[in-house]
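Some notes on the structure that comes next.
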Amino acid sequence: MKSVSLEGDDNEFPAMPKGFNKFVVTPSDTIKVSEKVWKTEIKLKNDAKTGVLFKVKCNSNALLKIIGCADILLPGYAINVELERQEASPDAEVNVTVFYCLVGKQWTSESANVYECWKRATGQRVHVLSVKLPVVVKK
């Protein structure tokens, strides 16, 4: 198996190194809220030396509005993704999942299209990691 260097890698979607931990999702295990209808955010930070393609999804779009749900996060950058609980079925369980993979230099320009990038990654069956974040209502 060939070793992959992220520094200057020309691959469109570089392989994810074993034990990769340079993409940080905060909170990392659960989203804690105090009401059934709420608004909060999760923070995504890229400490890698290459871009990270991410997508934030939930178990039902009727339950949750996600603002800034997909993007390509450049090295050293962070972003807050807003989550807003909808009033439909306030007792329904909400789960959020952050999917991500590494991207090559061609996807780190201002003109890069995140939706086209996901389409290509999906078509090439790129290995994608995920972080699952159940939402817990704490009274």
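Every chain in the structure tokens takes a letter, A first, then B, and so on in the order presented; its residues are numbered from 1, and the ligands are numbered from 1 following the presented order.
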- Query: Which residues, written as a ChimeraX atom specification, have at least one atom at most 9 Å from Ser60 (chain A), with only C-alpha atoms counted and residues fewer than 4 positions away on the same chain left out?
  - Reply: /A:64,94-95
For those residues, write N, CA, C and O atoms to a file as a PDB file, in the first residue's frame.
ATOM      1  N   LEU A  64     -35.237  19.982  11.625  1.00  0.00           N
ATOM      2  CA  LEU A  64     -34.065  20.818  11.851  1.00  0.00           C
ATOM      3  C   LEU A  64     -33.691  21.602  10.608  1.00  0.00           C
ATOM      4  O   LEU A  64     -33.627  21.056   9.508  1.00  0.00           O
ATOM      5  N   VAL A  94     -33.865  14.086  17.532  1.00  0.00           N
ATOM      6  CA  VAL A  94     -33.071  14.752  16.495  1.00  0.00           C
ATOM      7  C   VAL A  94     -31.633  14.250  16.587  1.00  0.00           C
ATOM      8  O   VAL A  94     -31.038  14.218  17.666  1.00  0.00           O
ATOM      9  N   ASN A  95     -31.098  13.857  15.444  1.00  0.00           N
ATOM     10  CA  ASN A  95     -29.700  13.430  15.350  1.00  0.00           C
ATOM     11  C   ASN A  95     -29.029  14.208  14.230  1.00  0.00           C
ATOM     12  O   ASN A  95     -29.600  14.392  13.160  1.00  0.00           O
TER      13      ASN A  95
END
- Task: Write out as a PyMOL selection string all residues of region 62-120 of chain A that DSSP puts in strand (DSSP E or B) for this structure's backbone.
- Result: chain A and resi 64-67+70-73+78-85+95-103
- Item | Among the residues A:Ala48, A:Ile79, A:Leu133, A:Val114, the one that comes closest to Met16 (chain A) [using only C-alpha atoms] |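 Looking only at the distances to Met16 (chain A), the closest residue turns out to be A:Ala48.
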Give me, as a CSV table (one decimal) with C-alpha atoms, in the first residue's frame, all polymer residues having an atom no more than 10 Å from Phe54 (chain A), counting only C-alpha atoms and skipping those fewer than 2 positions away in the same chain.
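Output file part-v3.csv follows:
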chain,number,residue,atom,x,y,z
A,23,PHE,CA,-10.8,18.0,11.6
A,44,LEU,CA,-15.9,22.8,12.7
A,51,GLY,CA,-8.8,21.2,2.6
A,52,VAL,CA,-11.7,19.3,4.2
A,56,VAL,CA,-23.9,18.4,8.0
A,57,LYS,CA,-27.1,16.3,7.9
A,69,CYS,CA,-24.7,22.7,5.8
A,70,ALA,CA,-21.9,22.0,3.4
A,71,ASP,CA,-18.6,23.6,2.4
A,72,ILE,CA,-14.9,23.1,1.8
A,73,LEU,CA,-13.0,24.2,4.9
A,98,VAL,CA,-21.1,15.6,10.1
A,99,PHE,CA,-19.6,13.8,7.1
A,100,TYR,CA,-16.2,14.8,5.8
A,101,CYS,CA,-13.3,13.8,3.6
A,102,LEU,CA,-10.0,15.4,2.4
A,114,VAL,CA,-19.0,22.4,-2.9
A,118,TRP,CA,-19.6,16.1,-3.2
A,128,VAL,CA,-15.8,9.5,4.1
A,129,LEU,CA,-15.6,9.7,7.9
A,130,SER,CA,-18.5,10.9,10.1
- Length of the CA of Pro27 (chain A) to CA of Ile42 (chain A) vector [Å]: 6.4 Å
- Message: So, with only C-alpha atoms as the atoms that count, which of A:Lys132, A:Lys49, A:Arg125, A:Lys36 lies closest to Leu74 (chain A)?
- Response: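 Closest residue, counting only C-alpha atoms: A:Lys49.
Pairwise distance (CA of Ile66 (chain A), CA of Ala78 (chain A)) equals 16.7 Å.
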